[in-house]
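Student: Contents of start-v8.cif (mmCIF, C-alpha atoms) are below:
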```cif
data_run
#
loop_
_atom_site.label_atom_id
_atom_site.label_comp_id
_atom_site.auth_asym_id
_atom_site.auth_seq_id
_atom_site.Cartn_x
_atom_site.Cartn_y
_atom_site.Cartn_z
CA MET A 1 2.05 4.25 24.50
CA ALA A 2 -0.66 1.71 23.72
CA LEU A 3 -2.52 0.49 26.76
CA MET A 4 -4.04 -2.96 26.57
CA LEU A 5 -4.77 -2.05 30.18
CA ALA A 6 -6.86 1.14 30.28
CA VAL A 7 -5.30 4.09 32.13
CA GLU A 8 -7.96 3.84 34.79
CA ASP A 9 -6.99 0.19 35.35
CA LEU A 10 -3.50 1.14 36.50
CA THR A 11 -3.66 0.74 40.26
CA GLN A 12 -0.81 3.01 41.43
CA GLN A 13 -1.98 6.63 41.49
CA ALA A 14 1.35 8.26 40.59
CA VAL A 15 2.02 5.77 37.78
CA ARG A 16 -1.49 6.28 36.44
CA ALA A 17 -1.02 10.07 36.31
CA PHE A 18 2.48 9.66 34.81
CA VAL A 19 1.23 7.39 32.00
CA TYR A 20 -1.67 9.71 31.22
CA ALA A 21 0.61 12.74 31.02
CA LEU A 22 3.14 10.90 28.83
CA ASN A 23 0.42 9.63 26.49
CA THR A 24 -1.13 13.06 26.04
CA ARG A 25 2.19 14.95 26.18
CA ASP A 26 0.60 17.12 28.86
CA GLY A 27 3.52 19.00 30.39
CA GLU A 28 1.48 20.64 33.12
CA ILE A 29 0.14 17.36 34.49
CA MET A 30 3.60 15.80 34.22
CA HIS A 31 5.09 18.71 36.18
CA HIS A 32 2.78 17.90 39.09
CA THR A 33 3.35 14.13 38.73
CA VAL A 34 7.14 13.77 38.87
CA HIS A 35 9.56 14.69 41.65
CA ARG A 36 11.86 17.58 40.70
CA GLY A 37 14.78 15.17 40.96
CA PHE A 38 13.18 12.69 38.53
CA SER A 39 15.46 10.63 36.29
CA PHE A 40 15.03 7.74 33.88
CA THR A 41 17.34 5.06 32.52
CA VAL A 42 16.91 2.88 29.43
CA LYS A 43 19.36 0.05 29.89
CA ALA A 44 19.22 -1.27 26.33
CA LEU A 45 20.28 2.12 24.94
CA ARG A 46 22.52 3.07 27.86
CA GLN A 47 20.53 6.26 27.92
CA SER A 48 19.42 8.36 30.88
CA GLY A 49 18.05 11.81 31.48
CA GLY A 50 15.35 13.92 33.00
CA ILE A 51 11.71 14.55 32.25
CA LYS A 52 12.38 16.83 29.23
CA GLN A 53 14.29 14.11 27.43
CA LEU A 54 11.61 11.54 28.23
CA MET A 55 8.77 13.76 27.03
CA SER A 56 10.53 14.29 23.68
CA SER A 57 11.34 10.61 23.08
CA GLU A 58 9.70 8.65 20.25
CA ALA A 59 9.87 5.14 21.76
CA LEU A 60 6.67 3.08 21.55
CA LEU A 61 5.34 0.90 24.38
CA ALA A 62 2.36 -1.42 24.60
CA VAL A 63 1.47 -2.27 28.21
CA ALA A 64 0.11 -5.78 28.78
CA ALA A 65 0.42 -6.33 32.56
CA GLN A 66 1.20 -4.65 35.88
CA SER A 67 2.61 -5.81 39.20
CA ASP A 68 0.53 -6.21 42.34
CA ASP A 69 1.81 -2.91 43.74
CA GLY A 70 1.26 -1.14 40.39
CA LEU A 71 4.88 0.11 40.21
CA THR A 72 5.97 -2.21 37.39
CA LEU A 73 4.48 -2.31 33.89
CA ALA A 74 5.31 -5.02 31.35
CA GLY A 75 4.75 -5.21 27.63
CA ALA A 76 6.47 -4.74 24.27
CA MET A 77 8.51 -1.77 23.12
CA LYS A 78 10.17 -0.33 20.02
CA TYR A 79 13.10 1.97 20.62
CA ALA A 80 13.15 3.24 17.03
CA PRO A 81 10.77 3.25 14.04
CA PHE A 82 10.74 -0.01 12.04
CA ALA A 83 12.85 -1.75 14.71
CA GLN A 84 11.91 -5.11 16.15
CA ALA A 85 9.46 -5.13 19.04
CA LEU A 86 11.22 -6.26 22.23
CA PRO A 87 10.01 -7.25 25.71
CA ALA A 88 10.01 -4.23 28.00
CA ARG A 89 9.60 -3.68 31.73
CA TRP A 90 9.03 -0.21 33.21
CA VAL A 91 9.93 -0.05 36.91
CA PHE A 92 8.86 3.06 38.84
CA THR A 93 9.85 4.39 42.24
CA THR A 94 7.99 7.14 44.06
CA ASP A 95 8.87 9.63 46.74
CA GLY A 96 6.54 7.81 49.09
CA GLY A 97 3.70 10.07 48.07
CA ASP A 98 2.02 10.91 44.78
CA ARG A 99 5.11 11.78 42.71
CA VAL A 100 7.29 9.56 40.52
CA LEU A 101 10.96 9.69 41.50
CA SER A 102 12.56 7.43 38.87
CA LEU A 103 11.87 5.12 35.95
CA THR A 104 14.06 2.24 34.81
CA VAL A 105 13.38 0.49 31.51
CA ASP A 106 14.82 -2.98 30.85
CA ASP A 107 13.95 -6.16 28.94
CA GLN A 108 13.01 -8.35 31.92
CA ALA A 109 9.26 -8.35 31.26
CA GLU A 110 7.49 -11.51 32.40
CA LEU A 111 4.61 -12.16 30.04
CA THR A 112 2.56 -15.14 28.98
CA ASP A 113 2.73 -16.14 25.33
CA GLU A 114 -0.73 -14.65 24.79
CA GLN A 115 0.22 -11.35 26.46
CA ARG A 116 3.43 -11.14 24.43
CA GLU A 117 1.60 -11.77 21.16
CA ARG A 118 -1.03 -9.16 21.96
CA ALA A 119 1.59 -6.64 23.08
CA ASN A 120 3.64 -7.11 19.91
CA GLY A 121 0.52 -6.60 17.79
CA ALA A 122 -0.42 -3.49 19.77
CA VAL A 123 3.00 -1.87 19.41
CA GLU A 124 2.98 -2.60 15.65
CA GLU A 125 -0.38 -0.84 15.35
CA LEU A 126 0.94 2.03 17.45
CA GLU A 127 3.87 2.37 15.06
CA ARG A 128 1.53 2.52 12.06
CA GLN A 129 -0.43 5.31 13.71
CA ALA A 130 2.70 7.23 14.68
CA THR A 131 4.22 6.83 11.22
CA ALA A 132 1.04 8.09 9.56
CA ALA A 133 1.01 11.13 11.85
CA VAL A 134 4.64 11.98 11.01
CA TYR A 135 4.16 11.64 7.25
CA ALA A 136 0.99 13.75 7.47
CA ARG A 137 2.96 16.77 8.66
CA VAL A 138 6.31 16.49 6.84
CA ARG A 139 6.38 18.49 3.58
CA ASP A 140 8.74 18.54 0.63
CA ASP A 141 10.24 21.61 -1.06
CA ASP A 142 6.96 22.18 -2.90
CA GLY A 143 5.02 22.22 0.39
CA CYS A 144 3.37 18.85 -0.31
CA THR A 145 2.92 15.83 1.95
CA HIS A 146 3.24 12.26 0.68
CA LEU A 147 2.47 8.74 1.83
CA PRO A 148 5.40 6.52 2.91
CA GLY A 149 7.18 4.91 -0.02
CA THR A 150 5.71 7.21 -2.69
CA ALA A 151 7.84 6.87 -5.81
CA ARG A 152 9.01 9.69 -8.03
CA ARG A 153 11.24 10.08 -11.09
CA ARG A 154 13.94 12.69 -10.44
CA LYS A 155 17.06 13.53 -12.38
CA ILE A 156 20.61 13.64 -11.11
CA GLY A 157 22.34 15.61 -13.79
CA SER A 158 20.66 14.33 -16.95
CA VAL A 159 20.04 10.80 -15.67
CA PRO A 160 16.62 9.89 -14.17
CA TYR A 161 16.65 7.83 -10.96
CA LEU A 162 13.90 6.29 -8.86
CA HIS A 163 13.41 8.25 -5.62
CA ALA A 164 11.28 7.31 -2.61
CA TRP A 165 9.65 9.49 0.03
CA LYS A 166 11.13 7.94 3.18
CA PRO A 167 13.59 8.53 6.06
CA GLY A 168 17.22 9.00 5.03
CA ALA A 169 20.37 7.92 6.86
CA LEU A 170 19.93 10.64 9.49
CA GLY A 171 16.23 9.93 9.99
CA ALA A 172 14.83 12.96 8.14
CA ILE A 173 12.04 12.22 5.65
CA SER A 174 12.86 13.38 2.14
CA TRP A 175 13.11 12.25 -1.49
CA ILE A 176 15.78 9.56 -1.15
CA ASN A 177 17.60 8.25 -4.22
CA THR A 178 17.11 4.46 -4.29
CA GLY A 179 20.07 4.02 -6.65
CA THR A 180 17.84 2.55 -9.36
CA LYS A 181 18.62 4.15 -12.71
CA LEU A 182 15.58 4.42 -14.98
CA GLU A 183 16.89 3.02 -18.24
CA ASN A 184 13.61 3.91 -19.97
CA PRO A 185 12.61 7.36 -18.68
CA GLU A 186 8.98 6.86 -19.71
CA VAL A 187 8.30 3.26 -18.70
CA TYR A 188 9.33 1.95 -15.29
CA LYS A 189 7.86 -1.55 -15.70
CA SER A 190 5.47 -3.24 -18.11
CA PHE A 191 3.16 -6.21 -17.60
CA ALA A 192 0.76 -8.27 -19.70
CA SER A 193 -1.80 -11.02 -19.27
CA PRO A 194 -1.05 -13.44 -20.86
CA GLU A 195 2.64 -12.69 -20.36
CA SER A 196 3.29 -13.57 -24.00
CA GLY A 197 0.98 -13.84 -26.96
CA ASP A 198 -2.79 -13.45 -26.74
CA SER A 199 -5.59 -15.28 -25.02
CA VAL A 200 -7.66 -16.98 -27.71
CA ARG A 201 -11.35 -17.73 -27.19
CA LYS A 202 -13.78 -18.91 -29.82
CA SER A 203 -17.18 -20.30 -30.63
CA ALA A 204 -18.12 -22.40 -33.64
CA SER A 205 -17.86 -19.47 -36.07
CA SER A 206 -16.39 -16.52 -34.17
CA ARG A 207 -13.09 -15.92 -32.40
CA VAL A 208 -11.43 -13.20 -30.34
CA ASP A 209 -7.73 -12.82 -29.53
CA PHE A 210 -7.07 -10.40 -26.72
CA ARG A 211 -4.50 -9.20 -24.21
CA LEU A 212 -4.59 -7.05 -21.07
CA SER A 213 -1.47 -4.92 -20.58
CA LEU A 214 -0.23 -2.41 -18.02
CA ILE A 215 2.54 0.17 -18.24
CA LEU A 216 3.82 1.56 -14.94
CA GLY A 217 5.28 4.95 -15.76
CA TRP A 218 5.27 8.62 -14.82
CA ASP A 219 2.83 11.50 -15.07
CA GLY A 220 3.59 15.13 -15.89
CA ASP A 221 4.80 15.80 -12.32
CA ASP A 222 7.03 12.68 -12.32
CA TYR A 223 4.79 10.68 -9.97
CA GLN A 224 3.80 7.10 -10.73
CA LYS A 225 0.85 6.31 -12.94
CA ALA A 226 -0.48 3.05 -14.42
CA VAL A 227 -1.88 2.85 -17.95
CA VAL A 228 -4.04 -0.24 -18.53
CA THR A 229 -4.98 -1.29 -22.06
CA LEU A 230 -7.23 -3.97 -23.45
CA ASP A 231 -6.50 -4.91 -27.09
CA ALA A 232 -8.70 -7.38 -28.96
CA THR A 233 -9.02 -8.67 -32.52
CA SER A 234 -12.14 -10.29 -33.96
CA TYR A 235 -12.16 -13.18 -36.49
CA PHE A 236 -14.80 -15.14 -38.34
CA LYS A 237 -14.57 -18.56 -40.00
CA ASP A 238 -15.00 -18.91 -43.73
CA GLY A 239 -16.67 -22.29 -43.32
CA THR A 240 -17.76 -24.55 -40.49
CA SER A 241 -18.01 -28.25 -39.86
CA ILE A 242 -18.27 -30.62 -36.92
CA LEU A 243 -14.52 -31.19 -37.30
CA ASP A 244 -13.84 -27.46 -36.83
CA PHE A 245 -12.33 -27.13 -40.32
CA GLY A 246 -12.16 -23.71 -41.92
CA THR A 247 -9.89 -20.71 -41.93
CA TRP A 248 -10.06 -17.91 -39.37
CA ILE A 249 -10.19 -14.52 -41.10
CA LYS A 250 -9.90 -11.05 -39.60
CA GLU A 251 -13.00 -8.95 -39.99
CA LYS A 252 -12.93 -7.50 -43.50
CA HIS A 253 -16.55 -6.62 -44.25
CA ARG A 254 -17.98 -3.18 -43.54
CA LEU A 255 -20.71 -3.79 -40.97
CA VAL A 256 -23.73 -1.88 -39.76
CA ASP A 257 -23.21 -0.33 -36.32
CA ARG A 258 -25.10 -2.99 -34.36
CA ALA A 259 -22.86 -5.69 -35.89
CA VAL A 260 -19.54 -3.91 -35.31
CA PRO A 261 -17.33 -6.09 -33.01
CA ARG A 262 -17.08 -4.94 -29.42
CA VAL A 263 -15.92 -6.23 -26.06
CA THR A 264 -17.74 -5.43 -22.82
CA GLY A 265 -16.59 -6.32 -19.31
CA THR A 266 -15.72 -5.06 -15.85
CA LEU A 267 -12.36 -3.45 -15.06
CA THR A 268 -11.48 -3.34 -11.35
CA LEU A 269 -8.49 -2.00 -9.41
CA THR A 270 -7.99 -3.39 -5.89
CA GLY A 271 -5.49 -2.38 -3.21
CA PRO A 272 -3.09 -4.27 -0.90
CA ASP A 273 -5.90 -5.01 1.57
CA GLY A 274 -8.22 -6.25 -1.15
CA ALA A 275 -10.42 -3.16 -1.00
CA VAL A 276 -11.86 -1.99 -4.33
CA ILE A 277 -10.36 1.34 -5.40
CA SER A 278 -12.06 1.62 -8.76
CA THR A 279 -14.49 -0.48 -10.78
CA GLU A 280 -16.29 0.28 -14.03
CA GLU A 281 -18.11 -1.32 -16.93
CA ILE A 282 -16.03 -0.84 -20.07
CA THR A 283 -16.61 -1.19 -23.80
CA ALA A 284 -13.96 -1.57 -26.49
CA LYS A 285 -15.53 -1.10 -29.92
CA GLY A 286 -14.04 -1.34 -33.39
CA VAL A 287 -14.26 1.60 -35.80
CA GLU A 288 -13.08 0.51 -39.24
CA PRO A 289 -12.36 -2.89 -40.78
CA PRO A 290 -10.72 -5.09 -39.56
CA TYR A 291 -12.28 -3.47 -36.46
CA PRO A 292 -9.45 -3.70 -33.87
CA MET A 293 -10.90 -3.13 -30.41
CA SER A 294 -9.03 -1.18 -27.74
CA PHE A 295 -9.78 0.41 -24.36
CA THR A 296 -7.33 2.38 -22.19
CA ARG A 297 -7.66 3.54 -18.60
CA GLU A 298 -5.06 5.62 -16.75
CA TYR A 299 -4.75 5.41 -12.95
CA ALA A 300 -3.00 8.11 -10.92
CA LEU A 301 -0.95 6.43 -8.18
CA ALA A 302 0.65 9.37 -6.35
CA GLU A 303 -2.00 9.38 -3.59
CA LEU A 304 -2.10 5.61 -3.07
CA GLN A 305 -0.16 3.87 -0.30
CA ALA A 306 2.80 1.74 -1.31
CA GLY A 307 1.97 -1.92 -1.76
CA ARG A 308 0.75 -4.57 -4.17
CA TYR A 309 -2.23 -3.77 -6.39
CA THR A 310 -4.26 -5.83 -8.87
CA VAL A 311 -6.15 -4.74 -11.97
CA ALA A 312 -8.60 -7.32 -13.32
CA LEU A 313 -10.84 -7.67 -16.35
CA THR A 314 -13.77 -9.95 -15.53
CA GLY A 315 -16.98 -11.09 -17.18
CA ALA A 316 -15.81 -9.95 -20.61
CA VAL A 317 -17.81 -10.88 -23.72
CA LYS A 318 -17.14 -10.27 -27.41
CA THR A 319 -20.21 -9.59 -29.53
CA GLY A 320 -20.70 -8.51 -33.13
CA GLY A 321 -18.65 -9.32 -36.19
CA PHE A 322 -19.44 -10.93 -39.53
CA GLN A 323 -21.54 -14.07 -39.33
CA PHE A 324 -23.29 -16.42 -41.65
CA SER A 325 -27.03 -16.74 -41.29
CA GLY A 326 -27.93 -18.54 -38.08
CA ASP A 327 -24.45 -18.33 -36.53
CA ASP A 328 -23.79 -16.70 -33.15
CA SER A 329 -20.86 -14.26 -32.96
CA THR A 330 -20.87 -14.06 -29.14
CA VAL A 331 -17.70 -15.31 -27.43
CA ASP A 332 -17.22 -15.53 -23.65
CA MET A 333 -13.69 -14.41 -22.70
CA ASP A 334 -11.64 -15.68 -19.79
CA ASP A 335 -10.86 -13.38 -16.84
CA ARG A 336 -7.48 -11.63 -16.89
CA SER A 337 -5.54 -9.88 -14.07
CA ILE A 338 -2.22 -8.12 -13.53
CA THR A 339 -0.54 -7.61 -10.16
CA PHE A 340 1.96 -4.76 -9.73
CA ASP A 341 3.72 -2.85 -6.96
CA VAL A 342 3.12 0.84 -6.24
CA GLY A 343 5.92 2.79 -4.60
CA ALA A 344 9.66 2.36 -4.50
#
```
Reformat the file's structure so that it appears as structure tokens.

Tutor:
Amino acid sequence: MALMLAVEDLTQQAVRAFVYALNTRDGEIMHHTVHRGFSFTVKALRQSGGIKQLMSSEALLAVAAQSDDGLTLAGAMKYAPFAQALPARWVFTTDGGDRVLSLTVDDQAELTDEQRERANGAVEELERQATAAVYARVRDDDGCTHLPGTARRRKIGSVPYLHAWKPGALGAISWINTGTKLENPEVYKSFASPESGDSVRKSASSRVDFRLSLILGWDGDDYQKAVVTLDATSYFKDGTSILDFGTWIKEKHRLVDRAVPRVTGTLTLTGPDGAVISTEEITAKGVEPPYPMSFTREYALAELQAGRYTVALTGAVKTGGFQFSGDDSTVDMDDRSITFDVGA
């Protein structure tokens, strides 16, 4: 239960003690708070029972308002995980003293638009907290916990399928087959920026063609991983003029180390909320003529929450390469990014 009203703000003593005991799952306090003939009814579910059933329920309630006598609470409620938040009214009766005799839950809550919006937001946040707590304690056959939506490659017979760590039809969290057959058992999805061809950048006498690519695949334990690669090729012009005549030629001369073509830049991985997960300064340097330049970074994704991620190469510059006397081989490269989804 999420209280937009603090527990101490609840004006009816028995209701205040009841809410505190239910929030904390304190059976001893609840025993002294309810009448021994206590019963509850949830009209929307046509469900009723005693205090044991109520204490074991997983429904979520955000309280936004209370009646003048303190015996009615109004807010938003979810009767099941991932269900829609609905208006909810909790109506209490007491035995005339300090014990709760009954509780009736219905959808007749009277809330202002502002209260309803705040209550819906509060119950959504409550669900996120409850979901995180459940996933933190549920373990698979290997004794491991996983974040919601974690993807894994698992075989049914000899055929690999995409599985997700999520609730099944009966509500139990397990590795659930999504029904997606993995046609390529090594590569789930592939991406590139640009999507086709290379990005071409040049100066008067130097040019670089490059491409950022990402392969979403599987590690040795069949969890998701992303392999990001930068590939670049350096060219020089055999002659220059103000009309940009001349032929672009791949590097063919053996160069001293300081003149070997290289690309430097910043590679950054950001998460669904925009937070930076990883950032580093990278260098892709050629080795032998024609000095192809390549850099690869592998990201483990098993411990990341499901959602949309972005890997970006920014501030990249190509330096080095053959040049005629007085020419500048430096080329500023445009920024490149790839967006991809983690999880099933």

Student: Could you state which residues are captured by the PyMOL selection byres ((chain A and resi 315) around 12) in this file, as an MDAnalysis selection string?

Tutor: chainID A and resid 263:268 280:283 312:314 316:318 331:337

Student: For Val134 of chain A, which residue among A:Thr233, A:Trp248, A:Asp107, A:Ile173 is the nearest when counting only C-alpha atoms?

Tutor: A:Ile173

Student: At what distance in Å, to one decimal, does atom CA of Val256 of chain A lie from atom CA of Val287 of chain A?

Tutor: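 Those two atoms sit 10.8 Å apart.
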
Student: Could you please determine the separation between atom CA of Phe236 of chain A and atom CA of Gln323 of chain A in Å, to one decimal place?

Tutor: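 Interatomic distance, atom CA of Phe236 of chain A to atom CA of Gln323 of chain A: 6.9 Å.
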
Student: Show me, as a list in words, the residues that have an atom within 10 Å of Ala44 of chain A when counting only C-alpha atoms, minus same-chain residues fewer than 5 positions from it.

Tutor: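 Residues near the query, excluding close chain neighbours: Tyr79, Ala88, Val105, Asp106 and Asp107 of chain A.
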
Student: When distances are computed from all atoms listed in the file, which of A:Met55, A:Leu216, A:Ala204, A:Ala344 shows the smallest separation from Asp238 of chain A?

Tutor: A:Ala204

Student: By how many Å are atom CA of Gly320 of chain A and atom CA of Gly286 of chain A apart?

Tutor: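 Spanning atom CA of Gly320 of chain A to atom CA of Gly286 of chain A is a straight-line distance of 9.8 Å.
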
Student: Care to translate the PyMOL selection byres ((chain A and resi 20-34) around 9) into actual residues of this file, as a CSV table (one decimal) with C-alpha atoms, keeping the file's coordinate frame?

Tutor:
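Output file result-v7.csv follows:
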```csv
chain,number,residue,atom,x,y,z
A,1,MET,CA,2.0,4.2,24.5
A,2,ALA,CA,-0.7,1.7,23.7
A,7,VAL,CA,-5.3,4.1,32.1
A,14,ALA,CA,1.4,8.3,40.6
A,15,VAL,CA,2.0,5.8,37.8
A,16,ARG,CA,-1.5,6.3,36.4
A,17,ALA,CA,-1.0,10.1,36.3
A,18,PHE,CA,2.5,9.7,34.8
A,19,VAL,CA,1.2,7.4,32.0
A,35,HIS,CA,9.6,14.7,41.6
A,36,ARG,CA,11.9,17.6,40.7
A,37,GLY,CA,14.8,15.2,41.0
A,38,PHE,CA,13.2,12.7,38.5
A,51,ILE,CA,11.7,14.6,32.2
A,54,LEU,CA,11.6,11.5,28.2
A,55,MET,CA,8.8,13.8,27.0
A,56,SER,CA,10.5,14.3,23.7
A,94,THR,CA,8.0,7.1,44.1
A,98,ASP,CA,2.0,10.9,44.8
A,99,ARG,CA,5.1,11.8,42.7
A,100,VAL,CA,7.3,9.6,40.5
A,101,LEU,CA,11.0,9.7,41.5
A,102,SER,CA,12.6,7.4,38.9
```

Student: Just so the selection is clear, what residues does the PyMOL selection byres ((chain A and resi 329) around 10) cover here, as a PyMOL selection string?

Tutor: chain A and resi 202-208+234-236+259+261+318-324+326-328+330-331

Student: Dump as a PyMOL selection string all residues having an atom at most 12 Å from (3.3, 21.2, -5.8), computed in the file's coordinates with all atoms listed in the file.

Tutor: chain A and resi 139-146+220-223

Student: Report as an MDAnalysis selection string all protein, DNA and RNA residues lying within 6 Å of Ala119 of chain A, evaluated on all atoms listed in the file, omitting residues in the same chain fewer than 4 positions from it.

Tutor: chainID A and resid 62 64 75:76 115

Student: Calculated over all atoms listed in the file, which of the candidates A:Gly179, A:Gly343, A:Pro148, A:Pro167 has the smallest distance to Ala226 of chain A?

Tutor: A:Gly343

Student: Would you kindly return, as a ChimeraX atom specification, each protein, DNA or RNA residue with an atom no farther than 12 Å from any atom of Leu45 of chain A, considering all atoms listed in the file and excluding same-chain residues fewer than 2 positions away?

Tutor: /A:40-43,47-49,59,78-80,104-107

Student: Return the padded bounding box of segment 5-20 of chain A as JSON: axis-aligned, built from all atoms listed in the file, 6 Å added on each side, with centre and edge lengths in Å to one decimal.

Tutor:
```
{"center_x": -2.7, "center_y": 4.0, "center_z": 35.8, "size_x": 22.4, "size_y": 24.1, "size_z": 23.3}
```

Student: Within 12 Å of Asp68 of chain A, counting all atoms listed in the file, which residues show up once you throw out same-chain ones fewer than 6 positions away? Write them as a list of chain:residue names, please.

Tutor: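 Final neighbour list, sorted by chain and number: A:Leu10, A:Thr11, A:Gln12.
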
Student: When distances are computed from all atoms listed in the file, which of A:Val123, A:Leu162, A:Val228, A:Leu304 shows the smallest separation from Glu183 of chain A?

Tutor: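 Answer, going by the shortest atom-to-atom distance: A:Leu162.
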